[in-house]
>>> print(open('query.cif').read())   # mmCIF, C-alpha atoms
data_start
#
loop_
_atom_site.group_PDB
_atom_site.id
_atom_site.type_symbol
_atom_site.label_atom_id
_atom_site.label_comp_id
_atom_site.auth_asym_id
_atom_site.auth_seq_id
_atom_site.Cartn_x
_atom_site.Cartn_y
_atom_site.Cartn_z
ATOM 1 C CA MET A 1 -30.555 50.863 0.533
ATOM 2 C CA ALA A 2 -31.668 53.983 2.302
ATOM 3 C CA GLY A 3 -35.244 53.512 3.499
ATOM 4 C CA SER A 4 -35.106 49.695 3.283
ATOM 5 C CA GLY A 5 -34.832 47.226 6.092
ATOM 6 C CA CYS A 6 -32.385 44.827 4.476
ATOM 7 C CA ALA A 7 -31.472 45.698 0.872
ATOM 8 C CA GLY A 8 -27.885 46.176 -0.145
ATOM 9 C CA PHE A 9 -24.463 44.621 -0.618
ATOM 10 C CA GLU A 10 -22.678 42.433 1.905
ATOM 11 C CA PHE A 11 -19.028 42.087 0.961
ATOM 12 C CA GLN A 12 -17.730 38.552 1.548
ATOM 13 C CA GLY A 13 -14.148 39.024 0.454
ATOM 14 C CA LYS A 14 -12.114 40.431 -2.373
ATOM 15 C CA GLY A 15 -14.122 38.873 -5.211
ATOM 16 C CA THR A 16 -17.554 37.998 -3.825
ATOM 17 C CA VAL A 17 -20.528 40.010 -2.640
ATOM 18 C CA LEU A 18 -24.036 39.074 -1.511
ATOM 19 C CA TRP A 19 -26.921 41.160 -2.809
ATOM 20 C CA ARG A 20 -30.129 41.341 -0.784
ATOM 21 C CA ASN A 21 -33.226 43.074 -2.020
ATOM 22 C CA GLU A 22 -36.021 44.166 0.267
ATOM 23 C CA ILE A 23 -38.438 41.607 -1.208
ATOM 24 C CA ALA A 24 -36.289 38.526 -0.494
ATOM 25 C CA CYS A 25 -34.004 39.441 2.415
ATOM 26 C CA GLN A 26 -33.461 35.824 3.479
ATOM 27 C CA ALA A 27 -32.423 34.698 -0.029
ATOM 28 C CA PRO A 28 -29.408 36.762 -1.087
ATOM 29 C CA GLN A 29 -27.839 36.421 -4.525
ATOM 30 C CA THR A 30 -24.136 35.590 -4.670
ATOM 31 C CA LEU A 31 -22.309 37.824 -7.130
ATOM 32 C CA LYS A 32 -18.728 38.043 -8.347
ATOM 33 C CA ILE A 33 -17.339 41.569 -8.155
ATOM 34 C CA THR A 34 -14.632 42.947 -10.434
ATOM 35 C CA TRP A 35 -13.101 46.402 -10.026
ATOM 36 C CA LEU A 36 -12.360 48.155 -13.324
ATOM 37 C CA ASP A 37 -10.619 51.123 -11.737
ATOM 38 C CA GLN A 38 -10.560 52.972 -8.406
ATOM 39 C CA HIS A 39 -14.233 54.027 -8.658
ATOM 40 C CA THR A 40 -15.907 51.610 -11.095
ATOM 41 C CA PHE A 41 -16.874 47.964 -10.666
ATOM 42 C CA PHE A 42 -19.250 45.400 -12.079
ATOM 43 C CA THR A 43 -21.071 42.484 -10.538
ATOM 44 C CA ARG A 44 -21.865 39.214 -12.287
ATOM 45 C CA SER A 45 -24.441 36.682 -11.191
ATOM 46 C CA THR A 46 -23.011 33.297 -10.186
ATOM 47 C CA GLU A 47 -26.308 31.466 -10.690
ATOM 48 C CA ARG A 48 -27.284 30.364 -14.187
ATOM 49 C CA ASP A 49 -30.990 31.139 -14.674
ATOM 50 C CA LEU A 50 -31.221 29.948 -18.286
ATOM 51 C CA PRO A 51 -28.603 27.620 -19.788
ATOM 52 C CA ASN A 52 -28.190 29.543 -23.074
ATOM 53 C CA CYS A 53 -28.207 33.089 -21.676
ATOM 54 C CA PRO A 54 -25.307 35.149 -20.345
ATOM 55 C CA PRO A 55 -25.179 36.052 -16.649
ATOM 56 C CA LYS A 56 -26.766 39.222 -15.323
ATOM 57 C CA VAL A 57 -24.183 42.022 -15.132
ATOM 58 C CA ASP A 58 -24.515 45.350 -13.308
ATOM 59 C CA VAL A 59 -22.054 48.250 -13.650
ATOM 60 C CA TYR A 60 -21.541 50.778 -10.844
ATOM 61 C CA GLN A 61 -19.500 53.913 -10.227
ATOM 62 C CA VAL A 62 -18.791 55.038 -6.659
ATOM 63 C CA VAL A 63 -19.967 58.643 -6.378
ATOM 64 C CA SER A 64 -19.138 59.033 -2.690
ATOM 65 C CA TYR A 65 -18.515 57.082 0.506
ATOM 66 C CA ASP A 66 -18.110 58.674 3.922
ATOM 67 C CA GLY A 67 -17.687 55.476 5.939
ATOM 68 C CA ARG A 68 -21.431 55.152 6.548
ATOM 69 C CA ARG A 69 -23.279 56.301 3.423
ATOM 70 C CA LEU A 70 -22.387 54.892 -0.005
ATOM 71 C CA VAL A 71 -23.717 56.578 -3.148
ATOM 72 C CA LEU A 72 -23.454 54.607 -6.391
ATOM 73 C CA LYS A 73 -24.340 55.450 -9.965
ATOM 74 C CA SER A 74 -25.836 52.363 -11.609
ATOM 75 C CA PHE A 75 -25.398 51.941 -15.373
ATOM 76 C CA TRP A 76 -27.844 49.790 -17.322
ATOM 77 C CA ALA A 77 -26.121 46.891 -19.101
ATOM 78 C CA GLY A 78 -29.174 45.274 -20.698
ATOM 79 C CA TRP A 79 -31.227 45.700 -23.829
ATOM 80 C CA ASN A 80 -32.867 49.029 -24.693
ATOM 81 C CA ASP A 81 -31.809 52.404 -23.361
ATOM 82 C CA ARG A 82 -32.047 53.442 -19.751
ATOM 83 C CA ALA A 83 -30.485 56.447 -18.039
ATOM 84 C CA PRO A 84 -28.047 55.845 -15.161
ATOM 85 C CA GLU A 85 -29.642 55.851 -11.709
ATOM 86 C CA THR A 86 -28.222 56.952 -8.363
ATOM 87 C CA GLU A 87 -28.568 54.537 -5.440
ATOM 88 C CA THR A 88 -27.816 55.328 -1.805
ATOM 89 C CA TYR A 89 -26.863 52.677 0.750
ATOM 90 C CA VAL A 90 -26.410 53.155 4.511
ATOM 91 C CA LYS A 91 -24.010 50.862 6.375
ATOM 92 C CA GLN A 92 -25.675 48.885 9.130
ATOM 93 C CA THR A 93 -24.003 48.740 12.489
ATOM 94 C CA HIS A 94 -24.390 45.501 14.411
#
>>> encode(input="query.cif", output="structure tokens")
Amino acid sequence: MAGSGCAGFEFQGKGTVLWRNEIACQAPQTLKITWLDQHTFFTRSTERDLPNCPPKVDVYQVVSYDGRRLVLKSFWAGWNDRAPETETYVKQTH
């Protein structure tokens, strides 16, 4: 994410992505990614936190991508109401 040292997505292949947050950079979450259309996708947690609960799901829409900066609109998929949020990610160069 813009302003973070390590947060963001690391695409592993067509159907898998690693998610790192700035609190736990060394412990990424493995997520399945499914594209719904050309601009919309969702991620699903692969780790089962509680045996009787569904996996965590996040829904995103690609607002823009210029090869370096990715802007996503994040839609809340949980209980209660929450407005969509815009997230900006900057591609790291190695």
>>> residues_near_point(input="query.cif", point="(-19.6, 40.6, -3.2)", cutoff="10 Å", atoms="all atoms listed in the file", output="mmCIF file with C-alpha atoms, keeping the file's coordinate frame")
data_model
loop_
_atom_site.group_PDB
_atom_site.id
_atom_site.type_symbol
_atom_site.label_atom_id
_atom_site.label_comp_id
_atom_site.auth_asym_id
_atom_site.auth_seq_id
_atom_site.Cartn_x
_atom_site.Cartn_y
_atom_site.Cartn_z
ATOM 1 C CA PHE A 9 -24.463 44.621 -0.618
ATOM 2 C CA GLU A 10 -22.678 42.433 1.905
ATOM 3 C CA PHE A 11 -19.028 42.087 0.961
ATOM 4 C CA GLN A 12 -17.730 38.552 1.548
ATOM 5 C CA GLY A 13 -14.148 39.024 0.454
ATOM 6 C CA LYS A 14 -12.114 40.431 -2.373
ATOM 7 C CA GLY A 15 -14.122 38.873 -5.211
ATOM 8 C CA THR A 16 -17.554 37.998 -3.825
ATOM 9 C CA VAL A 17 -20.528 40.010 -2.640
ATOM 10 C CA LEU A 18 -24.036 39.074 -1.511
ATOM 11 C CA TRP A 19 -26.921 41.160 -2.809
ATOM 12 C CA GLN A 29 -27.839 36.421 -4.525
ATOM 13 C CA THR A 30 -24.136 35.590 -4.670
ATOM 14 C CA LEU A 31 -22.309 37.824 -7.130
ATOM 15 C CA LYS A 32 -18.728 38.043 -8.347
ATOM 16 C CA ILE A 33 -17.339 41.569 -8.155
ATOM 17 C CA THR A 34 -14.632 42.947 -10.434
ATOM 18 C CA THR A 43 -21.071 42.484 -10.538
ATOM 19 C CA ARG A 44 -21.865 39.214 -12.287
#
>>> resolve_selection(input="query.cif", expression="the PyMOL selection byres ((chain A and resi 57-67) around 9)", output="number ranges by chain")
A: 38-45, 54-56, 68-78, 86, 91
>>> atom_distance(input="query.cif", atom1="atom CA of A:Cys6", atom2="atom CA of A:Asp81")
28.9 Å
>>> atom_distance(input="query.cif", atom1="atom CA of A:Gly8", atom2="atom CA of A:Arg20")
5.4 Å
>>> atom_distance(input="query.cif", atom1="atom CA of A:Ile23", atom2="atom CA of A:Ala7")
8.3 Å
>>> axis_aligned_box(input="query.cif", around="stretch 75-85 of chain A", padding_each_side="6 Å", output="AutoDock Vina command-line options")
--center_x -29.1 --center_y 50.9 --center_z -18.2 --size_x 19.5 --size_y 23.2 --size_z 25.0
>>> decode(input="query.cif", residues="stretch 45-80 of chain A", atoms="N, CA and C atoms", output="short mmCIF file (atom, residue, chain, number, x, y, z; two decimals), in the first residue's frame")
data_model
loop_
_atom_site.label_atom_id
_atom_site.label_comp_id
_atom_site.auth_asym_id
_atom_site.auth_seq_id
_atom_site.Cartn_x
_atom_site.Cartn_y
_atom_site.Cartn_z
N SER A 45 -10.00 -16.42 1.79
CA SER A 45 -8.98 -16.98 2.67
C SER A 45 -8.88 -18.48 2.48
N THR A 46 -7.66 -19.02 2.50
CA THR A 46 -7.47 -20.47 2.38
C THR A 46 -7.30 -21.12 3.75
N GLU A 47 -7.14 -20.30 4.79
CA GLU A 47 -6.96 -20.84 6.13
C GLU A 47 -8.30 -20.78 6.88
N ARG A 48 -8.63 -21.86 7.55
CA ARG A 48 -9.88 -21.93 8.29
C ARG A 48 -9.62 -21.51 9.74
N ASP A 49 -10.09 -20.30 10.10
CA ASP A 49 -9.89 -19.79 11.45
C ASP A 49 -10.79 -20.49 12.46
N LEU A 50 -12.06 -20.62 12.13
CA LEU A 50 -13.03 -21.29 13.00
C LEU A 50 -13.74 -22.36 12.17
N PRO A 51 -13.86 -23.57 12.69
CA PRO A 51 -14.38 -24.68 11.88
C PRO A 51 -15.80 -24.49 11.36
N ASN A 52 -16.65 -23.73 12.05
CA ASN A 52 -18.04 -23.59 11.63
C ASN A 52 -18.35 -22.26 10.96
N CYS A 53 -17.32 -21.50 10.62
CA CYS A 53 -17.53 -20.19 9.99
C CYS A 53 -17.04 -20.20 8.55
N PRO A 54 -17.68 -19.41 7.70
CA PRO A 54 -17.23 -19.33 6.31
C PRO A 54 -15.90 -18.59 6.21
N PRO A 55 -15.21 -18.72 5.09
CA PRO A 55 -13.93 -18.03 4.93
C PRO A 55 -14.13 -16.52 4.77
N LYS A 56 -13.10 -15.78 5.06
CA LYS A 56 -13.12 -14.34 4.86
C LYS A 56 -13.07 -14.07 3.35
N VAL A 57 -13.95 -13.20 2.88
CA VAL A 57 -14.04 -12.85 1.47
C VAL A 57 -13.93 -11.33 1.33
N ASP A 58 -13.12 -10.87 0.40
CA ASP A 58 -13.01 -9.45 0.08
C ASP A 58 -13.29 -9.25 -1.40
N VAL A 59 -14.05 -8.20 -1.73
CA VAL A 59 -14.43 -7.89 -3.10
C VAL A 59 -13.78 -6.58 -3.51
N TYR A 60 -13.15 -6.59 -4.70
CA TYR A 60 -12.42 -5.42 -5.19
C TYR A 60 -12.82 -5.09 -6.63
N GLN A 61 -12.74 -3.82 -6.95
CA GLN A 61 -12.92 -3.35 -8.32
C GLN A 61 -11.67 -2.54 -8.68
N VAL A 62 -11.06 -2.85 -9.82
CA VAL A 62 -9.88 -2.11 -10.27
C VAL A 62 -10.36 -0.76 -10.81
N VAL A 63 -9.91 0.31 -10.17
CA VAL A 63 -10.25 1.66 -10.61
C VAL A 63 -9.27 2.11 -11.68
N SER A 64 -7.97 1.87 -11.43
CA SER A 64 -6.96 2.21 -12.42
C SER A 64 -5.67 1.45 -12.13
N TYR A 65 -4.87 1.27 -13.19
CA TYR A 65 -3.55 0.66 -13.06
C TYR A 65 -2.70 1.20 -14.19
N ASP A 66 -1.58 1.83 -13.85
CA ASP A 66 -0.72 2.42 -14.87
C ASP A 66 0.60 1.68 -15.02
N GLY A 67 0.66 0.45 -14.52
CA GLY A 67 1.88 -0.34 -14.58
C GLY A 67 2.72 -0.22 -13.31
N ARG A 68 2.48 0.79 -12.53
CA ARG A 68 3.19 0.99 -11.26
C ARG A 68 2.22 1.21 -10.09
N ARG A 69 1.20 1.99 -10.30
CA ARG A 69 0.25 2.33 -9.24
C ARG A 69 -1.10 1.67 -9.53
N LEU A 70 -1.58 0.90 -8.56
CA LEU A 70 -2.86 0.20 -8.66
C LEU A 70 -3.83 0.84 -7.67
N VAL A 71 -4.99 1.25 -8.16
CA VAL A 71 -6.03 1.81 -7.30
C VAL A 71 -7.21 0.85 -7.33
N LEU A 72 -7.61 0.39 -6.14
CA LEU A 72 -8.72 -0.54 -6.00
C LEU A 72 -9.82 0.07 -5.16
N LYS A 73 -11.06 -0.26 -5.48
CA LYS A 73 -12.19 0.06 -4.62
C LYS A 73 -12.52 -1.24 -3.90
N SER A 74 -12.53 -1.18 -2.58
CA SER A 74 -12.78 -2.34 -1.73
C SER A 74 -14.23 -2.29 -1.23
N PHE A 75 -14.97 -3.37 -1.45
CA PHE A 75 -16.37 -3.45 -1.03
C PHE A 75 -16.47 -4.37 0.18
N TRP A 76 -17.13 -3.91 1.22
CA TRP A 76 -17.31 -4.67 2.44
C TRP A 76 -18.24 -5.84 2.19
N ALA A 77 -17.83 -7.04 2.62
CA ALA A 77 -18.63 -8.24 2.41
C ALA A 77 -19.04 -8.89 3.73
N GLY A 78 -18.94 -8.13 4.82
CA GLY A 78 -19.26 -8.68 6.14
C GLY A 78 -20.58 -8.15 6.66
N TRP A 79 -20.79 -8.38 7.95
CA TRP A 79 -22.00 -7.91 8.61
C TRP A 79 -21.97 -6.39 8.73
N ASN A 80 -23.13 -5.81 8.92
CA ASN A 80 -23.32 -4.36 9.07
C ASN A 80 -23.02 -3.65 7.75
#
